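Novice: Quick one: the structure is below, and I'll ask about it shortly.
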Amino acid sequence: MTEVELVATALATGAAAGLTDTSRGVVHDLHAVLKEAVRRRLSGGCDGVRGGYGVRVLYAYETDPDVWRTRLLQVLASGPEMDEEILGAARAVLRAERRKGHITAVVG
């Protein structure tokens, strides 16, 4: 799994966990940290791919990952390499979800 795929999977996993009341808590909180870090990264440029469009794709991905996955992967891959803050947050989301014993497979 590439770094971009790791981040996309963690975003979808965290969003899915937020859809059920029983999943709120640690996964939801870690997902919020990840989403904010990605949002900051995407809003840092206005080169046509990042900037406002990248942030819109990020939010759309949460509502329908199956439809927006390819676009999110393109947006994330178009910028600078993932930094440790984002990668660490993505890993934390997936670890927390795995500890709950029911990680959702979102890799497409």
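Note on naming: chains are A, B, ... as they come in the structure tokens, residues start from 1 per chain, ligands start from 1 in the order shown.
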With only C-alpha atoms counted and 10 Å as the cut-off, give the residues of segment 26-78 of chain A in contact with segment 4-13 of chain A, each with its shortest interatomic distance in Å and the pair that gives it, as a tab-separated table.
Specialist:
residue	atom	partner	partner_atom	distance
A:Val27	CA	A:Thr13	CA	8.7
A:His28	CA	A:Thr13	CA	9.5
A:Leu30	CA	A:Ala10	CA	9.7
A:His31	CA	A:Leu11	CA	6.6
A:Ala32	CA	A:Leu11	CA	9.1
A:Leu34	CA	A:Leu11	CA	7.3
A:Lys35	CA	A:Leu11	CA	6.9
A:Val38	CA	A:Val7	CA	8.7
A:Leu58	CA	A:Leu11	CA	8.9
A:Tyr61	CA	A:Ala12	CA	7.6
A:Glu62	CA	A:Ala12	CA	6.2
A:Thr63	CA	A:Ala12	CA	9.0
A:Asp64	CA	A:Ala12	CA	8.9
A:Pro65	CA	A:Ala12	CA	6.4
A:Asp66	CA	A:Ala12	CA	9.5
A:Arg69	CA	A:Ala8	CA	7.4
A:Thr70	CA	A:Ala8	CA	9.7
A:Leu72	CA	A:Ala8	CA	7.3
A:Leu73	CA	A:Val4	CA	6.3
A:Gln74	CA	A:Val4	CA	8.9
A:Val75	CA	A:Val4	CA	9.4
A:Leu76	CA	A:Val4	CA	6.2
A:Ala77	CA	A:Val4	CA	6.4
Novice: Between A:Val33, A:Val26, A:Leu87, A:Val67, single out the one closest to Lys100 of chain A, counting only C-alpha atoms.
Specialist: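 Going through A:Val33, A:Val26, A:Leu87, A:Val67 one by one, the smallest distance to Lys100 of chain A is for A:Val26.
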Novice: Using Å and a single decimal, report how far atom CA of Gly52 of chain A sits from atom CA of Gly88 of chain A.
Specialist: 24.4 Å
